[in-house]
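**Student:** What follows is data-v1.cif, mmCIF, C-alpha atoms and all ligand atoms.
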data_entry
loop_
_atom_site.group_PDB
_atom_site.id
_atom_site.type_symbol
_atom_site.label_atom_id
_atom_site.label_comp_id
_atom_site.auth_asym_id
_atom_site.auth_seq_id
_atom_site.Cartn_x
_atom_site.Cartn_y
_atom_site.Cartn_z
ATOM 1 C CA MET A 1498 153.087 114.414 124.877
ATOM 2 C CA LYS A 1499 156.329 116.392 125.363
ATOM 3 C CA SER A 1500 159.680 114.617 125.215
ATOM 4 C CA PRO A 1501 162.069 116.783 127.207
ATOM 5 C CA GLY A 1502 165.745 115.948 126.975
ATOM 6 C CA ILE A 1503 165.634 114.738 123.372
ATOM 7 C CA ILE A 1504 166.665 116.386 120.130
ATOM 8 C CA VAL A 1505 166.150 115.278 116.526
ATOM 9 C CA THR A 1506 169.103 115.349 114.148
ATOM 10 C CA THR A 1507 170.509 113.516 111.121
ATOM 11 C CA SER A 1508 173.484 111.434 110.045
ATOM 12 C CA LYS A 1509 176.711 113.299 109.165
ATOM 13 C CA ARG A 1510 176.037 114.155 105.519
ATOM 14 C CA PRO A 1511 172.278 114.159 105.139
ATOM 15 C CA THR A 1512 170.503 114.493 101.827
ATOM 16 C CA TYR A 1513 167.754 117.076 101.489
ATOM 17 C CA GLU A 1514 165.159 114.273 101.994
ATOM 18 C CA ILE A 1515 166.800 113.073 105.217
ATOM 19 C CA GLU A 1516 166.845 116.636 106.566
ATOM 20 C CA GLN A 1517 163.196 117.096 105.674
ATOM 21 C CA ALA A 1518 162.279 113.792 107.337
ATOM 22 C CA ALA A 1519 164.114 114.846 110.522
ATOM 23 C CA ARG A 1520 162.417 118.267 110.516
ATOM 24 C CA SER A 1521 158.971 116.746 110.118
ATOM 25 C CA ILE A 1522 159.571 114.234 112.972
ATOM 26 C CA ALA A 1523 160.718 117.105 115.214
ATOM 27 C CA LEU A 1524 157.600 119.089 114.354
ATOM 28 C CA ARG A 1525 155.256 116.132 114.847
ATOM 29 C CA CYS A 1526 156.809 115.216 118.210
ATOM 30 C CA SER A 1527 157.363 118.792 119.506
ATOM 31 C CA VAL A 1528 161.096 118.143 119.889
ATOM 32 C CA PRO A 1529 163.860 120.546 118.745
ATOM 33 C CA TYR A 1530 165.448 119.847 115.350
ATOM 34 C CA VAL A 1531 169.212 120.442 115.465
ATOM 35 C CA PRO A 1532 171.211 120.317 112.199
ATOM 36 C CA ARG A 1533 174.465 118.309 112.213
ATOM 37 C CA LYS A 1534 176.397 120.959 110.276
ATOM 38 C CA ARG A 1535 177.432 124.474 111.244
ATOM 39 C CA GLY A 1536 180.210 124.953 108.710
ATOM 40 C CA ARG A 1537 181.634 121.653 109.973
ATOM 41 C CA ILE A 1538 180.018 118.443 111.201
ATOM 42 C CA ILE A 1539 179.223 118.370 114.933
ATOM 43 C CA SER A 1540 179.099 115.066 116.810
ATOM 44 C CA VAL A 1541 175.752 113.822 118.151
ATOM 45 C CA GLU A 1542 177.257 113.817 121.677
ATOM 46 C CA ARG A 1543 178.213 117.479 121.381
ATOM 47 C CA LEU A 1544 174.801 118.441 119.998
ATOM 48 C CA CYS A 1545 173.149 116.667 122.949
ATOM 49 C CA SER A 1546 175.415 118.407 125.461
ATOM 50 C CA GLU A 1547 174.816 121.816 123.894
ATOM 51 C CA HIS A 1548 171.050 121.312 124.101
ATOM 52 C CA GLU A 1549 171.094 119.643 127.523
ATOM 53 C CA ALA A 1550 169.586 116.574 125.915
ATOM 54 C CA ARG A 1551 170.135 113.023 127.153
ATOM 55 C CA ALA A 1552 169.522 111.464 123.769
ATOM 56 C CA ALA A 1553 169.059 112.186 120.078
ATOM 57 C CA TYR A 1554 166.649 110.760 117.519
ATOM 58 C CA VAL A 1555 168.976 110.299 114.545
ATOM 59 C CA VAL A 1556 167.588 110.031 111.009
ATOM 60 C CA SER A 1557 169.886 108.421 108.459
ATOM 61 C CA ARG A 1558 169.538 106.640 105.131
ATOM 62 C CA GLN A 1559 169.949 103.226 106.822
ATOM 63 C CA ARG A 1560 167.516 103.668 109.721
ATOM 64 C CA HIS A 1561 166.073 105.861 112.456
ATOM 65 C CA GLU A 1562 167.511 105.333 115.920
ATOM 66 C CA ILE A 1563 167.679 106.810 119.395
ATOM 67 C CA ARG A 1564 171.269 107.437 120.512
ATOM 68 C CA ALA A 1565 171.863 107.980 124.201
ATOM 69 C CA LEU A 1566 174.468 110.413 125.461
ATOM 70 C CA GLY A 1567 177.166 108.158 126.925
ATOM 71 C CA GLY A 1568 176.374 105.200 124.646
ATOM 72 C CA GLY A 1569 173.487 102.929 123.738
ATOM 73 C CA GLN A 1570 171.140 102.824 120.774
ATOM 74 C CA ALA A 1571 167.522 101.808 120.255
ATOM 75 C CA PHE A 1572 165.868 101.074 116.931
ATOM 76 C CA VAL A 1573 163.282 98.667 115.576
ATOM 77 C CA ASN A 1574 164.814 95.194 115.192
ATOM 78 C CA PRO A 1575 163.613 91.571 115.348
ATOM 79 C CA GLY A 1576 164.815 91.167 118.958
ATOM 80 C CA PRO A 1577 164.567 87.596 120.273
ATOM 81 C CA LEU A 1578 162.582 86.293 117.269
ATOM 82 C CA HIS A 1579 165.109 83.469 116.687
ATOM 83 C CA VAL A 1580 164.497 82.218 120.256
ATOM 84 C CA PHE A 1581 160.709 82.345 119.846
ATOM 85 C CA LEU A 1582 160.916 80.469 116.535
ATOM 86 C CA ARG A 1583 163.042 77.789 118.226
ATOM 87 C CA VAL A 1584 160.938 77.288 121.344
ATOM 88 C CA GLY A 1585 157.606 78.023 119.646
ATOM 89 C CA ARG A 1586 154.491 77.466 121.711
ATOM 90 C CA THR A 1587 156.433 76.515 124.838
ATOM 91 C CA HIS A 1588 157.509 80.149 125.448
ATOM 92 C CA PRO A 1589 155.714 81.593 128.518
ATOM 93 C CA LEU A 1590 154.376 84.613 126.566
ATOM 94 C CA ILE A 1591 152.998 82.343 123.853
ATOM 95 C CA ARG A 1592 151.435 79.969 126.449
ATOM 96 C CA ALA A 1593 149.809 82.924 128.184
ATOM 97 C CA LEU A 1594 148.357 84.259 124.918
ATOM 98 C CA CYS A 1595 147.194 80.855 123.691
ATOM 99 C CA PRO A 1596 147.304 77.893 126.113
ATOM 100 C CA PRO A 1597 148.286 74.454 124.748
ATOM 101 C CA GLY A 1598 145.487 72.713 122.863
ATOM 102 C CA GLU A 1599 143.686 75.911 121.893
ATOM 103 C CA ALA A 1600 143.284 76.968 118.243
ATOM 104 C CA GLU A 1601 146.045 79.336 117.109
ATOM 105 C CA LEU A 1602 145.457 83.070 117.287
ATOM 106 C CA THR A 1603 144.530 84.688 113.990
ATOM 107 C CA HIS A 1604 144.405 88.293 115.215
ATOM 108 C CA MET A 1605 145.591 90.074 118.353
ATOM 109 C CA VAL A 1606 146.104 93.616 119.597
ATOM 110 C CA ASP A 1607 149.396 94.692 121.159
ATOM 111 C CA ALA A 1608 148.087 97.756 123.004
ATOM 112 C CA THR A 1609 151.559 98.911 124.121
ATOM 113 C CA LEU A 1610 153.657 98.223 121.032
ATOM 114 C CA GLY A 1611 156.983 99.807 122.109
ATOM 115 C CA LEU A 1612 159.629 98.787 119.571
ATOM 116 C CA ALA A 1613 157.438 95.832 118.492
ATOM 117 C CA LYS A 1614 159.823 93.119 119.701
ATOM 118 C CA ASN A 1615 157.036 91.078 121.327
ATOM 119 C CA ALA A 1616 154.682 91.783 118.416
ATOM 120 C CA ILE A 1617 157.171 90.477 115.816
ATOM 121 C CA CYS A 1618 157.818 87.335 117.905
ATOM 122 C CA ILE A 1619 154.083 86.666 118.337
ATOM 123 C CA ALA A 1620 153.468 87.154 114.604
ATOM 124 C CA GLY A 1621 156.413 84.828 113.917
ATOM 125 C CA VAL A 1622 155.061 81.984 116.082
ATOM 126 C CA PHE A 1623 151.360 82.165 115.113
ATOM 127 C CA GLY A 1624 151.554 83.813 111.670
ATOM 128 C CA CYS A 1625 148.737 86.026 112.969
ATOM 129 C CA GLU A 1626 147.995 89.701 112.370
ATOM 130 C CA VAL A 1627 149.179 91.922 115.235
ATOM 131 C CA LEU A 1628 147.513 95.307 115.405
ATOM 132 C CA GLY A 1629 149.852 97.568 117.368
ATOM 133 C CA LEU A 1630 148.930 100.688 119.331
ATOM 134 C CA GLU A 1631 151.563 103.167 120.489
ATOM 135 C CA SER A 1632 150.869 106.513 122.158
ATOM 136 C CA SER A 1633 154.398 107.990 122.182
ATOM 137 C CA PRO A 1634 154.936 110.024 118.995
ATOM 138 C CA LEU A 1635 158.711 109.387 118.904
ATOM 139 C CA MET A 1636 158.169 105.651 119.353
ATOM 140 C CA ALA A 1637 155.522 105.727 116.601
ATOM 141 C CA CYS A 1638 158.024 107.451 114.269
ATOM 142 C CA LEU A 1639 160.629 104.748 114.984
ATOM 143 C CA LEU A 1640 158.018 102.059 114.234
ATOM 144 C CA GLU A 1641 156.763 103.695 111.037
ATOM 145 C CA GLU A 1642 160.345 103.679 109.707
ATOM 146 C CA GLY A 1643 161.471 100.390 111.261
ATOM 147 C CA LEU A 1644 158.714 97.930 110.339
ATOM 148 C CA PRO A 1645 158.845 98.668 106.561
ATOM 149 C CA ARG A 1646 162.676 98.482 106.777
ATOM 150 C CA LEU A 1647 162.533 95.001 108.345
ATOM 151 C CA ILE A 1648 160.145 93.885 105.593
ATOM 152 C CA ARG A 1649 162.474 95.246 102.859
ATOM 153 C CA GLU A 1650 165.495 93.444 104.354
ATOM 154 C CA GLU A 1651 164.110 90.069 103.235
ATOM 155 C CA GLY A 1652 165.393 88.211 106.307
ATOM 156 C CA TYR A 1653 163.659 85.503 108.352
ATOM 157 C CA TRP A 1654 162.097 88.422 110.300
ATOM 158 C CA SER A 1655 160.509 90.064 107.241
ATOM 159 C CA LYS A 1656 157.312 87.994 107.079
ATOM 160 C CA PRO A 1657 156.589 88.334 110.834
ATOM 161 C CA ALA A 1658 157.243 92.103 110.597
ATOM 162 C CA SER A 1659 154.819 92.313 107.663
ATOM 163 C CA HIS A 1660 152.056 91.021 109.973
ATOM 164 C CA VAL A 1661 152.538 93.885 112.462
ATOM 165 C CA SER A 1662 150.737 97.195 111.916
ATOM 166 C CA VAL A 1663 151.276 100.384 113.876
ATOM 167 C CA HIS A 1664 148.645 102.918 114.905
ATOM 168 C CA HIS A 1665 149.768 106.043 116.721
ATOM 169 C CA ALA A 1666 147.017 106.244 119.324
ATOM 170 C CA ASP A 1667 146.223 106.031 122.998
ATOM 171 C CA ALA A 1668 145.185 102.397 123.518
ATOM 172 C CA SER A 1669 142.231 103.209 125.836
ATOM 173 C CA GLU A 1670 140.727 105.618 123.331
ATOM 174 C CA TRP A 1671 141.421 103.391 120.335
ATOM 175 C CA LEU A 1672 139.996 100.220 121.930
ATOM 176 C CA GLU A 1673 136.935 102.055 123.246
ATOM 177 C CA SER A 1674 136.104 103.204 119.738
ATOM 178 C CA ALA A 1675 136.701 99.717 118.250
ATOM 179 C CA GLY A 1676 133.867 97.193 118.495
ATOM 180 C CA ALA A 1677 133.519 94.600 121.276
ATOM 181 C CA ASP A 1678 135.146 91.228 120.497
ATOM 182 C CA MET A 1679 137.216 92.805 117.729
ATOM 183 C CA THR A 1680 140.265 90.568 118.344
ATOM 184 C CA ASP A 1681 141.277 87.243 119.927
ATOM 185 C CA VAL A 1682 143.605 88.617 122.605
ATOM 186 C CA VAL A 1683 144.751 92.014 123.904
ATOM 187 C CA TYR A 1684 148.326 92.163 125.205
ATOM 188 C CA LEU A 1685 149.313 94.844 127.727
ATOM 189 C CA ASP A 1686 152.958 95.649 128.451
ATOM 190 C CA PRO A 1687 153.091 99.155 129.918
ATOM 191 C CA MET A 1688 156.398 100.460 131.290
ATOM 192 C CA PHE A 1689 157.270 98.898 134.651
ATOM 193 C CA GLU A 1690 156.979 101.244 137.623
ATOM 194 C CA ALA A 1691 160.227 99.851 139.074
ATOM 195 C CA PRO A 1692 162.214 99.199 135.894
ATOM 196 C CA ILE A 1693 164.671 96.323 135.462
ATOM 197 C CA PRO A 1694 168.131 98.032 135.276
ATOM 198 C CA HIS A 1695 169.427 98.344 131.685
ATOM 199 C CA PRO A 1696 171.712 100.960 130.074
ATOM 200 C CA MET A 1697 168.888 102.182 127.816
ATOM 201 C CA THR A 1698 166.111 102.178 130.429
ATOM 202 C CA ASP A 1699 166.389 105.888 131.256
ATOM 203 C CA VAL A 1700 166.376 106.898 127.620
ATOM 204 C CA PHE A 1701 163.476 104.588 126.855
ATOM 205 C CA ARG A 1702 161.537 106.143 129.718
ATOM 206 C CA LEU A 1703 162.324 109.579 128.306
ATOM 207 C CA ILE A 1704 160.516 108.890 125.043
ATOM 208 C CA ALA A 1705 157.870 106.352 126.101
ATOM 209 C CA ASP A 1706 154.461 106.853 127.695
ATOM 210 C CA THR A 1707 155.200 105.778 131.279
ATOM 211 C CA ARG A 1708 151.646 105.700 132.665
ATOM 212 C CA PRO A 1709 150.868 102.520 134.612
ATOM 213 C CA LEU A 1710 148.006 100.257 133.550
ATOM 214 C CA SER A 1711 144.738 102.108 134.191
ATOM 215 C CA GLY A 1712 141.272 100.731 134.913
ATOM 216 C CA ARG A 1713 140.109 102.443 131.736
ATOM 217 C CA LEU A 1714 142.624 100.590 129.528
ATOM 218 C CA LEU A 1715 141.944 97.275 131.277
ATOM 219 C CA ASN A 1716 138.196 97.692 130.733
ATOM 220 C CA ALA A 1717 138.647 98.594 127.075
ATOM 221 C CA ALA A 1718 140.917 95.567 126.593
ATOM 222 C CA LEU A 1719 138.480 93.146 128.288
ATOM 223 C CA ARG A 1720 135.699 94.398 126.021
ATOM 224 C CA ALA A 1721 137.778 94.157 122.841
ATOM 225 C CA ALA A 1722 139.127 90.619 123.438
ATOM 226 C CA LYS A 1723 137.201 87.468 122.490
ATOM 227 C CA ARG A 1724 139.490 85.129 124.463
ATOM 228 C CA ARG A 1725 141.649 86.915 127.054
ATOM 229 C CA VAL A 1726 143.790 89.841 128.172
ATOM 230 C CA VAL A 1727 147.459 89.202 128.991
ATOM 231 C CA TYR A 1728 149.470 91.594 131.185
ATOM 232 C CA ARG A 1729 153.288 91.450 131.465
ATOM 233 C CA ILE A 1730 154.733 92.158 134.922
ATOM 234 C CA PRO A 1731 158.112 91.799 136.680
ATOM 235 C CA SER A 1732 158.457 88.332 138.228
ATOM 236 C CA THR A 1733 159.071 90.002 141.617
ATOM 237 C CA LEU A 1734 155.638 91.684 141.663
ATOM 238 C CA PRO A 1735 152.989 89.756 143.636
ATOM 239 C CA THR A 1736 149.725 89.164 141.744
ATOM 240 C CA GLU A 1737 147.879 90.915 144.619
ATOM 241 C CA SER A 1738 149.650 94.168 143.652
ATOM 242 C CA ALA A 1739 149.305 93.875 139.869
ATOM 243 C CA GLY A 1740 147.265 96.476 138.014
ATOM 244 C CA PRO A 1741 144.166 98.391 139.081
ATOM 245 C CA VAL A 1742 142.105 95.248 139.861
ATOM 246 C CA PRO A 1743 144.459 92.453 140.976
ATOM 247 C CA GLY A 1744 141.571 90.014 141.600
ATOM 248 C CA ILE A 1745 140.821 89.853 137.878
ATOM 249 C CA TRP A 1746 143.847 87.685 137.004
ATOM 250 C CA THR A 1747 143.027 83.966 136.994
ATOM 251 C CA THR A 1748 146.360 82.572 135.738
ATOM 252 C CA ARG A 1749 150.016 83.506 136.177
ATOM 253 C CA VAL A 1750 152.432 82.104 133.588
ATOM 254 C CA ARG A 1751 155.968 82.316 134.937
ATOM 255 C CA GLY A 1752 158.996 83.319 132.890
ATOM 256 C CA LYS A 1753 162.620 83.994 133.922
ATOM 257 C CA HIS A 1754 162.517 87.727 134.717
ATOM 258 C CA VAL A 1755 158.944 88.558 133.765
ATOM 259 C CA ASP A 1756 155.608 86.827 134.270
ATOM 260 C CA TYR A 1757 152.330 87.041 132.363
ATOM 261 C CA LEU A 1758 148.978 87.498 134.081
ATOM 262 C CA VAL A 1759 145.879 86.324 132.267
ATOM 263 C CA ALA A 1760 142.283 87.533 132.636
ATOM 264 C CA PRO A 1761 139.507 85.784 130.703
ATOM 265 C CA ALA A 1762 137.647 88.090 128.306
ATOM 266 C CA ARG A 1763 134.505 89.695 129.701
ATOM 267 C CA SER A 1764 135.721 89.227 133.276
ATOM 268 C CA ALA A 1765 133.696 91.563 135.468
ATOM 269 C CA THR A 1766 134.622 95.000 134.173
ATOM 270 C CA VAL A 1767 136.581 97.323 136.335
ATOM 271 C CA ASP A 1768 134.968 100.093 138.350
ATOM 272 C CA ILE A 1769 136.764 103.251 137.175
HETATM 273 C C1 LIG A 1801 157.450 98.377 127.861
HETATM 274 S S1 LIG A 1801 157.109 99.139 126.344
HETATM 275 C C2 LIG A 1801 156.496 97.814 125.377
HETATM 276 C C3 LIG A 1801 157.597 96.970 124.822
HETATM 277 C C4 LIG A 1801 157.079 95.996 123.796
HETATM 278 N N1 LIG A 1801 156.275 94.966 124.399
HETATM 279 C C5 LIG A 1801 158.205 95.386 122.993
HETATM 280 O O1 LIG A 1801 158.327 94.159 122.974
HETATM 281 O O2 LIG A 1801 158.980 96.132 122.369
HETATM 282 C C6 LIG A 1801 155.602 100.009 126.631
HETATM 283 C C7 LIG A 1801 155.179 100.862 125.458
HETATM 284 O O3 LIG A 1801 153.793 101.140 125.574
HETATM 285 C C8 LIG A 1801 153.553 102.483 125.264
HETATM 286 N N2 LIG A 1801 152.308 102.857 125.968
HETATM 287 C C9 LIG A 1801 152.135 103.029 127.298
HETATM 288 N N3 LIG A 1801 150.855 103.346 127.582
HETATM 289 C C10 LIG A 1801 150.186 103.352 126.390
HETATM 290 C C11 LIG A 1801 148.834 103.599 126.019
HETATM 291 N N4 LIG A 1801 147.906 103.915 126.923
HETATM 292 N N5 LIG A 1801 148.487 103.514 124.713
HETATM 293 C C12 LIG A 1801 149.428 103.187 123.781
HETATM 294 N N6 LIG A 1801 150.730 102.961 124.074
HETATM 295 C C13 LIG A 1801 151.104 103.035 125.360
HETATM 296 C C14 LIG A 1801 154.790 103.212 125.731
HETATM 297 O O4 LIG A 1801 154.976 104.433 125.064
HETATM 298 C C15 LIG A 1801 155.878 102.213 125.406
HETATM 299 O O5 LIG A 1801 156.402 102.412 124.119
#
Would you write out, as structure tokens, the structure that this file holds?
Ligand SMILES: C[S@@+](CC[C@H](N)C(=O)[O-])C[C@H]1O[C@@H](n2cnc3c(N)ncnc32)[C@H](O)[C@@H]1O
**Tutor:**
Amino acid sequence: MKSPGIIVTTSKRPTYEIEQAARSIALRCSVPYVPRKRGRIISVERLCSEHEARAAYVVSRQRHEIRALGGGQAFVNPGPLHVFLRVGRTHPLIRALCPPGEAELTHMVDATLGLAKNAICIAGVFGCEVLGLESSPLMACLLEEGLPRLIREEGYWSKPASHVSVHHADASEWLESAGADMTDVVYLDPMFEAPIPHPMTDVFRLIADTRPLSGRLLNAALRAAKRRVVYRIPSTLPTESAGPVPGIWTTRVRGKHVDYLVAPARSATVDI
């Protein structure tokens, strides 16, 4: 997948290893590598402007991050883990994945891993393994750097992060090649078609796979899950308009800005 509008660069005074890491990410993701130094150090903003890029993937000793022209950063972090640990199984996402009274999840697949915020929170609440799938190469690079970093930091987020794995793959293809009933639950959180406004939304959409939920992915998820498939949608979207087969969703768990639709595993598969 091409990522137009993005460059890869480094921190101000990169070591040889940092430069090599940045070059190899650029090569892997088919994105231009632009060195920070041309006799003197050039700002990330200037490099972006010169290359007509809207953002830069910046490799430094501390972390890898996306920096947007005009402000804003994105990198792998524990997100709202502290909230999930406080509210536990009462959180709408957690109730959708595992309704009250049911045995805790031991394994689940996050088929649209993103920056793994949901995955880390789910692993934190259940202590379960979360197998993450991510099709965007730049997002996969952020995850491959960020998850081991969170583990090394030895914070309250380190154990949950250690339960999340990342596979750079298209979720439909990966799930189709995995066996049936290979996990308790499959979670689907593709990019919203009408995104909730946020300063980083445009940049996120630049690097992410923005395809809407397809019948193929839904089918693969229903086959892979032993218990259910959960699909995150904006709270303004009616269930009748959600996904390729709206009739498949039997439960809607309401949150503040987003809701979670639930389909029991092995619901009638989708005609694709
Ligand atoms: C809205 S983000 C997910 C955010 C995530 N739930 C979190 O908490 O950080 C959607 C992610 O799914 C990825 N994606 C979309 N379609 C995919 C597919 N078919 N296979 C794998 N990843 C996919 C996108 O690249 C993007 O990173």
**Student:** Can you check which parts of chain A lie within 8 Å of ligand LIG 1801 (chain A)? Per residue, the shortest pair of atoms and distance in Å to one decimal, counting only C-alpha atoms and all ligand atoms, sorted by chain and number, as a Markdown table.
**Tutor:**
| residue | atom | partner | partner_atom | distance |
| --- | --- | --- | --- | --- |
| A:Asp1607 | CA | A:LIG1801 | N1 | 7.6 |
| A:Ala1608 | CA | A:LIG1801 | C12 | 5.6 |
| A:Thr1609 | CA | A:LIG1801 | O3 | 3.5 |
| A:Leu1610 | CA | A:LIG1801 | C4 | 4.9 |
| A:Gly1611 | CA | A:LIG1801 | O5 | 3.3 |
| A:Leu1612 | CA | A:LIG1801 | O2 | 3.9 |
| A:Ala1613 | CA | A:LIG1801 | O2 | 4.2 |
| A:Lys1614 | CA | A:LIG1801 | O1 | 3.7 |
| A:Asn1615 | CA | A:LIG1801 | O1 | 3.7 |
| A:Ala1616 | CA | A:LIG1801 | O1 | 6.3 |
| A:Leu1630 | CA | A:LIG1801 | C12 | 5.1 |
| A:Glu1631 | CA | A:LIG1801 | N6 | 3.7 |
| A:Ser1632 | CA | A:LIG1801 | C12 | 4.0 |
| A:Ser1633 | CA | A:LIG1801 | O4 | 4.6 |
| A:Met1636 | CA | A:LIG1801 | O5 | 6.0 |
| A:His1665 | CA | A:LIG1801 | C12 | 7.6 |
| A:Ala1666 | CA | A:LIG1801 | C12 | 5.9 |
| A:Asp1667 | CA | A:LIG1801 | N5 | 3.8 |
| A:Ala1668 | CA | A:LIG1801 | N5 | 3.7 |
| A:Ser1669 | CA | A:LIG1801 | N4 | 5.8 |
| A:Leu1685 | CA | A:LIG1801 | N1 | 7.7 |
| A:Asp1686 | CA | A:LIG1801 | C2 | 5.2 |
| A:Pro1687 | CA | A:LIG1801 | C6 | 4.2 |
| A:Met1688 | CA | A:LIG1801 | C1 | 4.1 |
| A:Phe1689 | CA | A:LIG1801 | C1 | 6.8 |
| A:Phe1701 | CA | A:LIG1801 | O5 | 7.9 |
| A:Ile1704 | CA | A:LIG1801 | O4 | 7.1 |
| A:Ala1705 | CA | A:LIG1801 | O4 | 3.6 |
| A:Asp1706 | CA | A:LIG1801 | O4 | 3.6 |
| A:Thr1707 | CA | A:LIG1801 | C9 | 5.7 |
| A:Arg1708 | CA | A:LIG1801 | N3 | 5.7 |
| A:Pro1709 | CA | A:LIG1801 | N3 | 7.1 |
| A:Leu1710 | CA | A:LIG1801 | N3 | 7.3 |
| A:Leu1714 | CA | A:LIG1801 | N4 | 6.8 |
**Student:** Between CA of Gly1676 (chain A) and CA of Glu1599 (chain A), what distance in Å does the model show, to one decimal?
**Tutor:** 23.7 Å
**Student:** Please list as a PyMOL selection string every residue within 10 Å of Glu1641 (chain A), counting all atoms listed in the file and excluding residues in the same chain fewer than 5 positions away.
**Tutor:** chain A and resi 1561+1573+1635-1636+1646+1662-1665
**Student:** Report as a PyMOL selection string all protein, DNA and RNA residues lying within 8 Å of Ala1762 (chain A), evaluated on all atoms listed in the file, omitting residues in the same chain fewer than 6 positions from it.
**Tutor:** chain A and resi 1719-1720+1722-1726
**Student:** Evaluated on this file, the PyMOL selection byres (((chain A and resi 1746) around 8) and not hetatm) picks out some residues - which ones are they, written as a ChimeraX atom specification?
**Tutor:** /A:1736,1743-1745,1747-1749,1758-1761
**Student:** Find the spatial neighbours of Glu1547 (chain A), counting all atoms listed in the file, within a cut-off of 12 Å - ignore same-chain residues fewer than 3 positions away - and output them as a PyMOL selection string.
**Tutor:** chain A and resi 1502-1504+1531+1539-1544+1550-1553+1566
**Student:** Taking (164.9, 88.2, 136.5) in the file's coordinates as the center, which residues reach within 9 Å of it, counting only C-alpha atoms, put as a list in words?
**Tutor:** Ile1693, Pro1731, Ser1732, Thr1733, Gly1752, Lys1753, His1754 and Val1755 of chain A
**Student:** Which is closest to Arg1560 (chain A) among A:Glu1642, A:Glu1737, A:Asp1681, A:Glu1670, if we use all atoms listed in the file?
**Tutor:**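 Going through A:Glu1642, A:Glu1737, A:Asp1681, A:Glu1670 one by one, the smallest distance to Arg1560 (chain A) is for A:Glu1642.
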**Student:** Using the chain letters and numbering of this document, enumerate as a list in words the residues selected by the PyMOL selection byres (((chain A and resi 1603) around 12) and not hetatm).
**Tutor:**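 When the PyMOL selection byres (((chain A and resi 1603) around 12) and not hetatm) is applied to the shown file, the picked residues are Leu1594, Cys1595, Glu1599, Ala1600, Glu1601, Leu1602, His1604, Met1605, Val1606, Ile1619, Ala1620, Gly1621, Val1622, Phe1623, Gly1624, Cys1625, Glu1626, Val1627, Leu1628, His1660, Met1679, Thr1680, Asp1681, Val1682, Lys1723 and Arg1724 of chain A.
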**Student:** So that I can see what lies close to Pro1634 (chain A), please list as a list in words the residues with an atom at most 8 Å from it, counting all atoms listed in the file and leaving out residues fewer than 4 positions away in the same chain.
**Tutor:**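 The neighbour list is Met1498, Arg1525, Cys1526, Cys1638 and His1665 of chain A.
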**Student:** So how far away is CA of His1588 (chain A) from CA of Pro1657 (chain A), in Å?
**Tutor:**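 Separating CA of Pro1657 (chain A) from CA of His1588 (chain A) is a distance of 16.8 Å.
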**Student:** With distances taken over all atoms listed in the file, which of A:Val1742, A:Cys1545, A:Val1661, A:Leu1672 is nearest to Ala1565 (chain A)?
**Tutor:**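 The closest residue to Ala1565 (chain A) is A:Cys1545.
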**Student:** Give the answer as one residue: which of A:Arg1702, A:Asn1574, A:Arg1751, A:Phe1581 has the shortest atom-to-atom distance to Pro1735 (chain A), using all atoms listed in the file?
**Tutor:**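 Checking each candidate against Pro1735 (chain A), we get A:Arg1751 as the closest.
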**Student:** Smallest atom-to-atom distance to Glu1516 (chain A): which of A:Lys1534, A:Val1528, A:Val1556, A:Glu1549, using all atoms listed in the file?
**Tutor:**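 Between A:Lys1534, A:Val1528, A:Val1556, A:Glu1549, the residue approaching Glu1516 (chain A) most closely is A:Val1556.
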**Student:** Could you state the separation of CA of Ala1571 (chain A) and CA of Asp1699 (chain A) in Å, given to one decimal place?
**Tutor:**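 One can read the CA of Ala1571 (chain A) to CA of Asp1699 (chain A) distance as 11.8 Å.
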**Student:** Find the residues near Ala1519 (chain A): any atom within 7 Å, counting all atoms listed in the file, skip ones fewer than 6 places away on the same chain, and give them as JSON, numbers by chain.
**Tutor:** {"A": [1505, 1506, 1507, 1556]}
**Student:** Can you report as AutoDock Vina command-line options the centre and edge lengths in Å, to one decimal, of an axis-aligned box around the listed atoms of region 1757-1762 of chain A padded with 4 Å on each side?
**Tutor:**
--center_x 145.0 --center_y 86.9 --center_z 131.2 --size_x 22.7 --size_y 10.3 --size_z 13.8
**Student:** Find the residue from A:Leu1524, A:Val1683, A:Gly1598, A:Cys1618 that sits nearest to Ala1658 (chain A); use only C-alpha atoms when measuring.
**Tutor:**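 Among the listed residues, A:Cys1618 lies closest to Ala1658 (chain A).
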**Student:** Can you rebuild region 1550-1556 of chain A with N, CA and C atoms and give it as a compact mmCIF listing (two decimals), in the coordinates of the input?
**Tutor:**
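Final output, saved to part.txt:
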# COMPACT_ATOMS: atom_id res chain seq x y z
N ALA A 1550 170.42 117.74 126.23
CA ALA A 1550 169.59 116.57 125.92
C ALA A 1550 170.30 115.31 126.37
N ARG A 1551 169.53 114.30 126.74
CA ARG A 1551 170.14 113.02 127.15
C ARG A 1551 170.19 112.03 126.01
N ALA A 1552 169.53 112.38 124.91
CA ALA A 1552 169.52 111.46 123.77
C ALA A 1552 169.13 112.22 122.50
N ALA A 1553 169.44 111.60 121.36
CA ALA A 1553 169.06 112.19 120.08
C ALA A 1553 168.34 111.15 119.23
N TYR A 1554 167.30 111.60 118.54
CA TYR A 1554 166.65 110.76 117.52
C TYR A 1554 167.41 111.06 116.23
N VAL A 1555 168.12 110.06 115.70
CA VAL A 1555 168.98 110.30 114.54
C VAL A 1555 168.35 109.66 113.29
N VAL A 1556 168.15 110.51 112.28
CA VAL A 1556 167.59 110.03 111.01
C VAL A 1556 168.73 109.84 110.02
